[in-house]
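Asker: Following this line is upload_5.txt, made up of compact mmCIF, C-alpha atoms:
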```
# COMPACT_ATOMS: atom_id res chain seq x y z
CA MET A 1469 18.96 -63.56 39.06
CA VAL A 1470 19.19 -61.63 42.33
CA HIS A 1471 22.49 -60.13 41.15
CA ARG A 1472 20.92 -58.83 37.89
CA LEU A 1473 17.86 -57.53 39.72
CA ARG A 1474 20.08 -55.76 42.23
CA ALA A 1475 21.99 -54.01 39.39
CA TRP A 1476 18.73 -52.93 37.74
CA HIS A 1477 17.32 -51.81 41.09
CA ARG A 1478 20.42 -49.70 41.77
CA SER A 1479 20.43 -47.87 38.43
CA MET A 1480 16.66 -47.32 38.39
CA GLY A 1481 16.82 -46.26 42.03
CA ALA A 1482 19.39 -43.58 41.17
CA LEU A 1483 17.12 -42.27 38.40
CA ALA A 1484 14.07 -42.28 40.65
CA ALA A 1485 16.04 -40.59 43.44
CA LEU A 1486 16.45 -37.46 41.33
CA PHE A 1487 12.69 -37.17 40.90
CA LEU A 1488 12.03 -38.14 44.52
CA LEU A 1489 14.33 -35.35 45.60
CA MET A 1490 12.47 -32.87 43.40
CA LEU A 1491 9.06 -34.13 44.63
CA ALA A 1492 10.17 -33.99 48.25
CA VAL A 1493 11.56 -30.46 48.01
CA THR A 1494 8.56 -29.09 46.08
CA GLY A 1495 6.18 -30.99 48.41
CA ILE A 1496 7.74 -29.41 51.49
CA LEU A 1497 7.60 -25.98 49.86
CA LEU A 1498 3.91 -26.45 48.99
CA ASN A 1499 3.18 -27.53 52.57
CA HIS A 1500 4.41 -24.13 53.70
CA THR A 1501 2.95 -21.96 50.94
CA LEU A 1502 1.40 -19.51 53.36
CA ASP A 1503 4.40 -19.29 55.70
CA LEU A 1504 6.78 -18.76 52.79
CA LYS A 1505 4.31 -16.39 51.02
CA LEU A 1506 4.86 -18.27 47.77
CA ALA A 1507 1.70 -16.84 46.19
CA GLU A 1508 3.00 -13.30 46.71
CA ARG A 1509 6.47 -13.91 45.28
CA HIS A 1510 6.87 -13.84 41.54
CA LEU A 1511 9.37 -15.03 38.99
CA ASP A 1512 9.87 -12.95 35.85
CA TRP A 1513 12.67 -14.86 34.18
CA PRO A 1514 12.21 -14.25 30.45
CA TRP A 1515 12.56 -17.95 29.52
CA LEU A 1516 9.96 -18.89 32.14
CA LEU A 1517 7.47 -16.23 30.93
CA GLU A 1518 8.04 -17.45 27.40
CA HIS A 1519 7.51 -21.05 28.52
CA TYR A 1520 4.17 -20.08 30.09
CA GLY A 1521 3.24 -18.11 26.98
CA VAL A 1522 2.89 -14.81 28.84
CA SER A 1523 5.87 -12.99 27.43
CA GLU A 1524 4.36 -11.91 24.14
CA VAL A 1525 1.49 -9.56 23.46
CA GLU A 1526 0.06 -8.92 20.03
CA ALA A 1527 -1.73 -5.63 19.51
CA ASP A 1528 -4.61 -5.37 17.04
CA ARG A 1529 -3.15 -2.12 15.71
CA VAL A 1530 0.02 -0.12 16.38
CA TYR A 1531 0.83 3.39 15.12
CA LEU A 1532 3.81 5.64 15.51
CA LEU A 1533 3.22 8.74 17.62
CA GLU A 1534 6.50 10.68 17.30
CA ASP A 1535 8.71 8.95 19.90
CA ASN A 1536 5.87 6.83 21.27
CA VAL A 1537 3.49 4.24 19.91
CA ILE A 1538 -0.26 4.00 20.25
CA SER A 1539 -1.78 0.57 20.17
CA GLN A 1540 -5.16 -1.03 20.55
CA PHE A 1541 -6.05 -4.34 22.16
CA ASP A 1542 -9.76 -4.99 21.64
CA GLU A 1543 -11.37 -1.77 22.88
CA GLN A 1544 -8.45 -0.59 24.99
CA ILE A 1545 -6.07 2.04 23.64
CA PHE A 1546 -2.52 2.36 24.98
CA VAL A 1547 0.13 5.04 24.56
CA ASP A 1548 3.28 2.95 24.96
CA ALA A 1549 2.30 0.73 27.89
CA GLN A 1550 -0.15 3.16 29.49
CA PRO A 1551 -3.87 2.38 29.08
CA VAL A 1552 -5.47 5.70 28.13
CA ALA A 1553 -8.94 5.28 26.67
CA LYS A 1554 -11.40 2.91 25.09
CA SER A 1555 -12.77 2.93 21.59
CA LEU A 1556 -15.46 0.63 20.26
CA LYS A 1557 -14.09 1.29 16.77
CA PRO A 1558 -10.63 0.34 15.43
CA ILE A 1559 -8.13 3.19 15.67
CA ILE A 1560 -6.47 4.34 12.47
CA GLY A 1561 -3.69 6.61 13.75
CA GLY A 1562 -2.75 9.40 16.08
CA ILE A 1563 -0.95 12.72 16.37
CA TYR A 1564 0.36 15.08 19.03
CA LEU A 1565 -1.38 18.44 18.81
CA GLY A 1566 0.54 20.58 21.26
CA ASP A 1567 -0.04 19.00 24.66
CA ILE A 1568 -2.97 16.95 23.42
CA THR A 1569 -2.81 13.48 21.94
CA VAL A 1570 -5.39 12.94 19.22
CA VAL A 1571 -6.28 9.36 18.31
CA ALA A 1572 -8.52 8.79 15.30
CA SER A 1573 -11.06 6.12 14.53
CA ASP A 1574 -13.06 6.15 11.31
CA ASP A 1575 -15.72 8.50 12.69
CA ALA A 1576 -14.29 10.19 15.77
CA LEU A 1577 -11.25 11.79 17.35
CA ILE A 1578 -10.32 10.78 20.88
CA LEU A 1579 -8.54 13.51 22.82
CA LEU A 1580 -6.10 12.74 25.62
CA SER A 1581 -4.27 15.09 27.94
CA SER A 1582 -0.48 15.08 28.30
CA ASP A 1583 -0.99 12.84 31.37
CA GLY A 1584 -2.86 10.36 29.22
CA GLU A 1585 -6.22 11.32 30.73
CA PHE A 1586 -9.27 11.04 28.49
CA ILE A 1587 -10.60 14.49 27.59
CA GLU A 1588 -13.47 13.68 25.24
CA GLU A 1589 -14.43 11.95 22.03
CA MET A 1590 -15.31 14.32 19.18
CA GLY A 1591 -17.51 13.00 16.42
CA GLY A 1592 -19.67 14.21 13.58
CA ALA A 1593 -21.90 16.24 15.93
CA MET A 1594 -18.84 18.37 16.73
CA GLY A 1595 -18.04 18.91 13.06
CA ILE A 1596 -15.44 16.18 12.65
CA PRO A 1597 -15.45 14.93 9.03
CA SER A 1598 -16.76 11.38 8.69
CA GLN A 1599 -15.22 8.24 7.17
CA ILE A 1600 -11.69 9.06 8.30
CA GLN A 1601 -8.93 7.02 6.69
CA ASN A 1602 -5.84 8.63 8.19
CA ILE A 1603 -4.71 11.44 10.43
CA GLY A 1604 -1.60 13.57 10.09
CA LEU A 1605 0.00 16.92 10.73
CA PHE A 1606 0.75 19.76 8.36
CA HIS A 1607 2.70 22.69 9.84
CA GLY A 1608 1.36 21.87 13.29
CA LEU A 1609 -2.27 21.63 12.21
CA PRO A 1610 -4.35 18.42 12.10
CA VAL A 1611 -5.18 16.92 8.72
CA LEU A 1612 -7.68 14.17 8.06
CA GLN A 1613 -7.80 12.03 4.96
CA THR A 1614 -11.37 10.88 4.47
CA ARG A 1615 -13.29 9.13 1.72
CA HIS A 1616 -14.60 12.57 0.79
CA GLY A 1617 -11.20 14.22 0.51
CA MET A 1618 -8.64 15.89 2.70
CA TRP A 1619 -9.56 18.19 5.58
CA ARG A 1620 -7.38 20.57 7.56
CA GLY A 1621 -8.56 21.52 11.03
CA ASP A 1622 -7.75 24.33 13.41
CA ILE A 1623 -5.81 23.80 16.60
CA LEU A 1624 -9.08 23.31 18.56
CA LEU A 1625 -10.33 20.69 16.05
CA GLU A 1626 -13.54 22.68 15.65
CA GLN A 1627 -13.20 24.21 12.17
CA TRP A 1628 -12.37 22.02 9.17
CA GLU A 1629 -11.74 23.07 5.62
CA ASN A 1630 -11.69 20.84 2.58
CA ILE A 1631 -8.23 21.22 1.09
CA SER A 1632 -5.58 19.40 -0.90
CA LEU A 1633 -2.11 19.37 0.64
CA GLN A 1634 1.25 17.88 -0.21
CA GLY A 1635 3.78 16.86 2.42
CA VAL A 1636 1.41 15.89 5.21
CA SER A 1637 3.13 13.90 7.92
CA TRP A 1638 0.70 10.97 8.20
CA SER A 1639 0.42 8.64 11.17
CA GLU A 1640 1.91 5.33 10.11
CA PRO A 1641 1.53 1.73 11.27
CA THR A 1642 4.63 0.58 13.06
CA SER A 1643 5.95 -2.27 15.14
CA MET A 1644 6.40 -2.23 18.87
CA SER A 1645 9.78 -2.04 20.53
CA ARG A 1646 10.77 -4.98 22.70
CA MET A 1647 10.68 -2.75 25.80
CA VAL A 1648 7.07 -1.62 25.19
CA LYS A 1649 6.06 -5.23 24.51
CA GLU A 1650 7.58 -6.33 27.82
CA ASP A 1651 5.87 -3.46 29.67
CA LEU A 1652 2.55 -4.38 28.06
CA ALA A 1653 3.07 -8.04 28.94
CA ARG A 1654 3.60 -6.92 32.54
CA HIS A 1655 0.40 -4.90 32.32
CA PHE A 1656 -1.61 -7.85 31.03
CA TYR A 1657 0.00 -10.68 32.95
CA GLY A 1658 1.06 -8.96 36.17
CA LYS A 1659 4.43 -9.40 37.84
CA GLY A 1660 5.15 -12.79 36.33
CA ILE A 1661 4.53 -16.36 37.44
CA SER A 1662 3.88 -16.84 41.16
CA VAL A 1663 6.39 -19.10 42.91
CA GLU A 1664 3.45 -21.14 44.21
CA ARG A 1665 2.28 -21.92 40.69
CA PHE A 1666 5.79 -22.68 39.52
CA VAL A 1667 6.46 -25.08 42.41
CA LEU A 1668 3.04 -26.72 42.05
CA ASP A 1669 3.61 -27.23 38.33
CA MET A 1670 7.02 -28.73 39.08
CA HIS A 1671 5.44 -31.03 41.64
CA ASN A 1672 2.65 -32.34 39.42
CA GLY A 1673 4.59 -32.31 36.17
CA HIS A 1674 2.45 -29.66 34.48
CA ILE A 1675 5.56 -27.55 33.95
CA LEU A 1676 6.31 -29.83 30.96
CA GLY A 1677 2.71 -29.89 29.76
CA PRO A 1678 0.94 -33.21 29.08
CA LEU A 1679 4.33 -34.88 28.64
CA GLY A 1680 5.28 -33.91 32.18
CA VAL A 1681 2.15 -35.55 33.58
CA TRP A 1682 2.93 -38.79 31.71
CA LEU A 1683 6.56 -38.59 32.88
CA LEU A 1684 5.47 -38.33 36.52
CA ASP A 1685 3.06 -41.23 35.95
CA PHE A 1686 6.02 -43.24 34.69
CA ILE A 1687 8.08 -42.25 37.74
CA GLY A 1688 5.18 -43.26 39.98
CA ILE A 1689 4.98 -46.68 38.35
CA LEU A 1690 8.77 -46.99 38.54
CA LEU A 1691 8.66 -46.25 42.28
CA ILE A 1692 6.01 -48.94 42.77
CA VAL A 1693 8.13 -51.47 40.86
CA LEU A 1694 11.26 -50.38 42.77
CA SER A 1695 9.41 -50.85 46.07
CA PHE A 1696 8.55 -54.42 45.13
CA SER A 1697 12.00 -55.19 43.73
CA GLY A 1698 13.62 -53.71 46.86
CA LEU A 1699 11.40 -55.79 49.12
CA TRP A 1700 12.08 -58.88 47.08
CA ILE A 1701 15.87 -58.38 47.19
CA TRP A 1702 15.72 -57.71 50.90
CA PHE A 1703 13.58 -60.81 51.46
CA ARG A 1704 15.88 -63.02 49.36
CA THR A 1705 18.99 -61.69 51.08
CA LYS A 1706 17.47 -62.44 54.50
CA THR A 1707 16.65 -66.00 53.52
CA MET B 500 -56.43 -39.45 24.86
CA ALA B 501 -52.67 -40.05 25.13
CA VAL B 502 -52.26 -39.09 21.48
CA MET B 503 -54.17 -35.84 22.09
CA ASN B 504 -51.93 -35.05 25.07
CA ASN B 505 -48.83 -35.61 22.94
CA ILE B 506 -50.11 -33.26 20.25
CA VAL B 507 -50.91 -30.57 22.84
CA LEU B 508 -47.46 -30.97 24.43
CA LYS B 509 -45.80 -30.74 21.01
CA ARG B 510 -47.73 -27.54 20.19
CA VAL B 511 -46.78 -26.00 23.57
CA ALA B 512 -43.12 -26.88 23.01
CA GLN B 513 -43.20 -25.37 19.51
CA CYS B 514 -44.82 -22.17 20.78
CA PHE B 515 -42.23 -21.94 23.58
CA LEU B 516 -39.34 -22.39 21.15
CA LEU B 517 -40.79 -19.85 18.74
CA SER B 518 -41.31 -17.26 21.48
CA MET B 519 -37.75 -17.80 22.76
CA LEU B 520 -36.41 -17.29 19.25
CA LEU B 521 -38.43 -14.09 18.87
CA VAL B 522 -37.27 -12.75 22.23
CA THR B 523 -33.63 -13.53 21.39
CA ALA B 524 -33.90 -12.00 17.93
CA PHE B 525 -35.52 -8.87 19.33
CA SER B 526 -33.00 -8.46 22.12
CA VAL B 527 -30.15 -8.71 19.58
CA SER B 528 -31.82 -6.23 17.26
CA ALA B 529 -32.47 -3.90 20.24
CA ARG B 530 -28.75 -3.11 20.37
CA GLY B 531 -27.43 -0.40 18.12
CA VAL B 532 -27.71 3.25 17.19
CA TYR B 533 -31.33 4.42 17.30
CA GLN B 534 -30.52 7.97 16.28
CA THR B 535 -27.20 9.54 15.35
CA ASN B 536 -25.94 12.43 17.45
CA GLU B 537 -26.18 14.69 14.39
CA ALA B 538 -29.81 13.72 13.74
CA PHE B 539 -30.68 14.25 17.41
CA LEU B 540 -29.19 17.76 17.37
CA ALA B 541 -30.82 18.64 14.05
CA GLU B 542 -34.19 17.52 15.41
CA THR B 543 -33.69 19.39 18.70
CA PHE B 544 -32.77 22.69 17.06
CA ASP B 545 -34.99 22.38 13.97
CA GLY B 546 -31.98 22.05 11.69
CA GLU B 547 -30.17 25.10 13.03
CA VAL B 548 -27.66 23.51 15.34
CA PRO B 549 -25.69 26.09 17.34
CA LYS B 550 -21.93 25.80 17.76
CA SER B 551 -21.00 23.43 20.54
CA LYS B 552 -19.45 24.65 23.79
CA VAL B 553 -17.61 22.81 26.51
CA ILE B 554 -17.60 22.68 30.28
CA TRP B 555 -14.25 21.63 31.76
CA ILE B 556 -14.60 19.15 34.57
CA LYS B 557 -12.15 20.05 37.30
CA GLY B 558 -11.90 20.89 40.98
CA GLU B 559 -15.19 21.05 42.90
CA LEU B 560 -17.21 20.40 39.77
CA ARG B 561 -15.49 17.04 39.33
CA LYS B 562 -16.46 16.08 42.88
CA THR B 563 -20.07 17.22 42.42
CA ILE B 564 -20.37 15.25 39.19
CA ALA B 565 -18.94 12.19 40.91
CA ASP B 566 -21.60 12.59 43.62
CA ILE B 567 -24.36 12.77 41.02
CA LEU B 568 -23.14 9.82 38.96
CA GLY B 569 -21.91 7.75 41.87
CA HIS B 570 -18.51 7.42 40.23
CA ARG B 571 -15.80 9.56 38.69
CA TYR B 572 -16.71 11.00 35.27
CA SER B 573 -14.37 9.59 32.65
CA GLY B 574 -13.51 12.74 30.77
CA LEU B 575 -12.07 16.18 31.31
CA ARG B 576 -14.78 18.08 29.50
CA ILE B 577 -18.44 17.80 28.57
CA ARG B 578 -19.82 19.28 25.39
CA TYR B 579 -23.24 20.87 24.99
CA TRP B 580 -25.27 22.83 22.48
CA ASP B 581 -27.28 25.87 23.52
CA ASN B 582 -29.30 28.31 21.43
CA GLY B 583 -30.43 30.49 24.31
CA GLN B 584 -33.81 28.79 24.58
CA ARG B 585 -32.84 25.20 25.09
CA SER B 586 -29.71 23.20 25.66
CA ALA B 587 -28.88 19.74 24.38
CA TRP B 588 -26.52 17.28 26.02
CA ILE B 589 -25.14 14.04 24.64
CA LEU B 590 -23.85 11.95 27.52
CA ASN B 591 -22.57 8.41 27.85
CA GLU B 592 -23.14 6.34 30.94
CA ILE B 593 -22.42 2.69 31.60
CA GLY B 594 -25.52 0.57 32.10
CA LYS B 595 -24.06 -2.73 33.18
CA GLU B 596 -20.93 -3.09 31.08
CA GLN B 597 -21.25 -0.92 27.99
CA PRO B 598 -21.87 2.81 27.59
CA ILE B 599 -25.38 3.92 26.71
CA THR B 600 -25.55 7.19 24.77
CA PHE B 601 -28.31 9.53 25.93
CA GLY B 602 -29.56 12.73 24.33
CA ILE B 603 -31.12 15.16 26.78
CA VAL B 604 -32.88 18.42 25.97
CA ILE B 605 -33.47 21.04 28.67
CA GLU B 606 -35.69 24.06 28.37
CA ALA B 607 -36.44 26.54 31.17
CA ASP B 608 -34.59 24.40 33.73
CA LYS B 609 -36.82 21.40 32.93
CA ILE B 610 -36.29 18.26 30.93
CA LYS B 611 -37.99 18.66 27.57
CA HIS B 612 -37.19 15.15 26.57
CA VAL B 613 -34.59 12.42 26.99
CA LYS B 614 -33.74 9.79 24.41
CA VAL B 615 -31.56 6.74 24.13
CA LEU B 616 -29.41 7.41 21.07
CA ALA B 617 -27.30 4.26 21.18
CA PHE B 618 -27.68 1.13 23.26
CA ARG B 619 -24.90 -1.46 23.48
CA GLU B 620 -25.98 -3.70 26.36
CA SER B 621 -27.72 -7.04 25.90
CA ARG B 622 -30.47 -6.16 28.39
CA GLY B 623 -32.32 -3.08 29.55
CA TRP B 624 -33.21 -1.63 26.13
CA GLU B 625 -36.81 -1.10 27.28
CA ILE B 626 -35.82 2.30 28.69
CA ARG B 627 -35.80 3.71 25.17
CA HIS B 628 -39.57 3.45 24.85
CA PRO B 629 -41.45 6.79 25.08
CA ALA B 630 -43.75 5.17 27.67
CA PHE B 631 -40.72 5.10 29.98
CA THR B 632 -38.90 8.30 28.95
CA GLN B 633 -42.18 10.24 29.32
CA GLN B 634 -41.66 10.05 33.09
CA PHE B 635 -38.76 12.49 32.78
CA LYS B 636 -40.74 15.17 30.95
CA ASP B 637 -40.69 18.49 32.85
CA ALA B 638 -38.54 16.96 35.59
CA THR B 639 -36.43 19.49 37.40
CA LEU B 640 -33.69 19.39 39.98
CA ILE B 641 -34.17 19.77 43.72
CA ASP B 642 -30.94 19.57 45.66
CA LYS B 643 -29.28 17.61 42.83
CA SER B 644 -32.09 15.03 42.78
CA LEU B 645 -35.05 14.77 40.45
CA ASP B 646 -38.29 16.30 41.73
CA ARG B 647 -40.08 13.01 41.17
CA HIS B 648 -39.86 9.26 41.54
CA ILE B 649 -39.02 7.33 38.37
CA ASP B 650 -40.71 3.95 38.12
CA GLY B 651 -38.27 1.19 37.24
CA VAL B 652 -38.47 -1.39 34.49
CA SER B 653 -38.15 -5.04 35.40
CA GLY B 654 -34.83 -6.38 34.09
CA ALA B 655 -33.57 -2.90 33.21
CA THR B 656 -32.67 -1.55 36.64
CA LEU B 657 -29.10 -0.54 35.75
CA SER B 658 -30.22 1.16 32.53
CA VAL B 659 -32.89 3.06 34.49
CA TRP B 660 -30.27 4.17 37.02
CA ALA B 661 -28.00 5.28 34.16
CA MET B 662 -30.75 7.35 32.55
CA THR B 663 -31.74 8.91 35.88
CA ALA B 664 -28.10 9.78 36.64
CA VAL B 665 -27.39 11.47 33.29
CA THR B 666 -30.66 13.38 33.51
CA ARG B 667 -29.66 14.75 36.91
CA LEU B 668 -26.20 15.55 35.55
CA ALA B 669 -27.57 17.41 32.53
CA LEU B 670 -29.97 19.41 34.71
CA TYR B 671 -27.14 20.29 37.09
CA LEU B 672 -24.76 21.31 34.29
CA ASP B 673 -27.53 23.37 32.73
CA THR B 674 -27.68 25.47 35.91
CA LEU B 675 -24.01 26.32 35.37
CA ILE B 676 -24.53 27.72 31.88
CA THR B 677 -27.68 29.72 32.49
```
Kindly return the structure encoded in the file as structure tokens.

Answerer:
Amino acid sequence: MVHRLRAWHRSMGALAALFLLMLAVTGILLNHTLDLKLAERHLDWPWLLEHYGVSEVEADRVYLLEDNVISQFDEQIFVDAQPVAKSLKPIIGGIYLGDITVVASDDALILLSSDGEFIEEMGGAMGIPSQIQNIGLFHGLPVLQTRHGMWRGDILLEQWENISLQGVSWSEPTSMSRMVKEDLARHFYGKGISVERFVLDMHNGHILGPLGVWLLDFIGILLIVLSFSGLWIWFRTKT
Amino acid sequence: MAVMNNIVLKRVAQCFLLSMLLVTAFSVSARGVYQTNEAFLAETFDGEVPKSKVIWIKGELRKTIADILGHRYSGLRIRYWDNGQRSAWILNEIGKEQPITFGIVIEADKIKHVKVLAFRESRGWEIRHPAFTQQFKDATLIDKSLDRHIDGVSGATLSVWAMTAVTRLALYLDTLIT
């Protein structure tokens, strides 16, 4: 009986030792969080970010802007990964007009400087045709497709004429490159996962989700049983 | 007696619930566009809206505007309409979290009237009432401040501040174009 218990105790002890080692190391690290500046250090390993669900961002809308993309997350508009302006309305495309970026919603044009700085929003009061469906370029001039027809504007976006054109280069929905997605993820989620959080999640099992918590519970119970079995073996050996 | 008390309590509870529902419904309906920018301009200039012009915000002007608003203006230019007699300004300013759109008309260096054109906050919509906006009539600028005290509205302090700030800004910008 003692022989069989000893064999079980040994093999279970080896299994528990692995977890004990992990708990001891992470426990010591957590005891010195401030000294080791664990909250200020970050991990940005792709698999870890993916595991925490902070590697992917999904824009509401994405449009091609020559070599760049414009996207919208809620009210925030980005050119690539740079936040540039806000729009309460969904954007429907964008163009470069010389040095100026023009982003369209259904009733306004948002103008941005070459540095991405917001210039102004031009709406119906400034003569912008309403119910815009798309924005494009035709020989360097802005063109708007609206529910009331096609409009070509001047370079200042102040004069618009109702016209029908062929060969307009329309702004098109596109997908984001992996690099822009990663930059945006960095914008939304910061530098990555703090070492403090990672170590804490290792220590309490949350790194594996609910399963991890149950696993650590099991290890805890195993350690209690091992304590008793160890004491019992020791006591029997002494007597 | 106890039955009577119960009935009275029930009536009071019903009235309270009804009034809460009405307040909630009104505060939700208070958000929105009260007047479009186009309608505001048409009304201001009796249907003959002049071509818009712009003031570029840079250098010292940017600093002055930041002083007036209490924060950096989020834009590189401000548009206005001027027919030689009066000027109209459509300016956005954050109340608490969302931009409020104001329409301001200036004539002879004085506020002719100020209106809330669009309100997007959940509180503070009371500033749109003429009883409140009337306080700004004929207000002028003395050392970048209004020549008068504007009485606040309980629960709408940030909206009142926003309206006061854009009024000062419009009056200041008007001095630059005249």

Asker: Just give me the gap between atom CA of Ile577 of chain B and atom CA of Leu590 of chain B in Å, one decimal is fine.

Answerer: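 Separation of atom CA of Ile577 of chain B and atom CA of Leu590 of chain B: 8.0 Å.
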
Asker: Take atom CA of Ile605 of chain B and atom CA of Gly651 of chain B and report the distance between them in Å, one decimal.

Answerer: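 Computing the Euclidean distance for atom CA of Ile605 of chain B and atom CA of Gly651 of chain B yields 22.1 Å.
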
Asker: The residues within 10 Å of (7.0, 12.2, 8.5), using only C-alpha atoms and the coordinates of the file, should be reported as a ChimeraX atom specification; which are they?

Answerer: /A:1534,1604-1606,1635-1640

Asker: Set the distance at 10 Å and use all atoms listed in the file: which residues neighbour segment 570-573 of chain B once local chain neighbours fewer than 4 positions away are removed? I'd like the list as a PyMOL selection string.

Answerer: (chain A and resi 1553+1585-1588) or (chain B and resi 556+561-566+577+591-592)

Asker: Residues at most 7 Å from Gly602 of chain B, counting all atoms listed in the file, excluding those fewer than 2 positions away in the same chain, as a PyMOL selection string?

Answerer: chain B and resi 588-590+600+604+613-616

Asker: Near chain B, which residues of chain A fall within 10 Å when you count all atoms listed in the file, and what do they look like as a VMD selection string?

Answerer: chain A and resid 1553 1556 1579 to 1581 1585 to 1595 1626

Asker: Interatomic distance between atom CA of Phe635 of chain B and atom CA of Lys557 of chain B?

Answerer: 28.0 Å

Asker: Quick one: segment 545-566 of chain B from the block, N, CA and C atoms, as a short mmCIF file (atom, residue, chain, number, x, y, z; two decimals), in the first residue's frame.

Answerer:
```cif
data_model
loop_
_atom_site.label_atom_id
_atom_site.label_comp_id
_atom_site.auth_asym_id
_atom_site.auth_seq_id
_atom_site.Cartn_x
_atom_site.Cartn_y
_atom_site.Cartn_z
N ASP B 545 -32.21 87.13 -46.05
CA ASP B 545 -33.48 87.26 -46.79
C ASP B 545 -33.43 86.56 -48.15
N GLY B 546 -32.84 85.39 -48.17
CA GLY B 546 -32.81 84.59 -49.40
C GLY B 546 -31.68 84.91 -50.34
N GLU B 547 -30.98 86.01 -50.10
CA GLU B 547 -29.86 86.37 -50.99
C GLU B 547 -28.54 86.15 -50.28
N VAL B 548 -28.18 84.90 -50.21
CA VAL B 548 -26.98 84.53 -49.45
C VAL B 548 -25.73 84.91 -50.24
N PRO B 549 -24.84 85.72 -49.64
CA PRO B 549 -23.61 86.07 -50.36
C PRO B 549 -22.66 84.88 -50.42
N LYS B 550 -21.66 84.99 -51.27
CA LYS B 550 -20.67 83.91 -51.40
C LYS B 550 -19.86 83.83 -50.10
N SER B 551 -19.57 82.63 -49.69
CA SER B 551 -18.83 82.50 -48.43
C SER B 551 -17.37 82.89 -48.61
N LYS B 552 -16.76 83.32 -47.51
CA LYS B 552 -15.33 83.65 -47.50
C LYS B 552 -14.69 82.90 -46.33
N VAL B 553 -13.38 82.86 -46.34
CA VAL B 553 -12.73 82.12 -45.24
C VAL B 553 -11.67 82.98 -44.56
N ILE B 554 -11.48 82.70 -43.29
CA ILE B 554 -10.36 83.27 -42.54
C ILE B 554 -9.46 82.09 -42.18
N TRP B 555 -8.19 82.18 -42.57
CA TRP B 555 -7.25 81.10 -42.22
C TRP B 555 -6.75 81.32 -40.81
N ILE B 556 -6.74 80.25 -40.06
CA ILE B 556 -6.35 80.33 -38.65
C ILE B 556 -4.89 79.93 -38.53
N LYS B 557 -4.02 80.91 -38.43
CA LYS B 557 -2.61 80.57 -38.25
C LYS B 557 -1.89 81.66 -37.47
N GLY B 558 -0.71 81.34 -37.00
CA GLY B 558 0.12 82.29 -36.28
C GLY B 558 -0.55 82.84 -35.03
N GLU B 559 -0.48 84.19 -34.90
CA GLU B 559 -1.02 84.86 -33.71
C GLU B 559 -2.53 84.65 -33.57
N LEU B 560 -3.20 84.61 -34.74
CA LEU B 560 -4.65 84.45 -34.70
C LEU B 560 -5.03 83.12 -34.04
N ARG B 561 -4.26 82.09 -34.33
CA ARG B 561 -4.53 80.79 -33.72
C ARG B 561 -4.43 80.88 -32.20
N LYS B 562 -3.42 81.61 -31.73
CA LYS B 562 -3.23 81.76 -30.27
C LYS B 562 -4.38 82.56 -29.66
N THR B 563 -4.78 83.63 -30.35
CA THR B 563 -5.86 84.47 -29.82
C THR B 563 -7.16 83.66 -29.74
N ILE B 564 -7.41 82.88 -30.79
CA ILE B 564 -8.64 82.06 -30.79
C ILE B 564 -8.59 81.03 -29.68
N ALA B 565 -7.42 80.47 -29.45
CA ALA B 565 -7.28 79.50 -28.35
C ALA B 565 -7.55 80.18 -27.01
N ASP B 566 -7.12 81.43 -26.87
CA ASP B 566 -7.39 82.18 -25.63
C ASP B 566 -8.89 82.38 -25.44
#
```
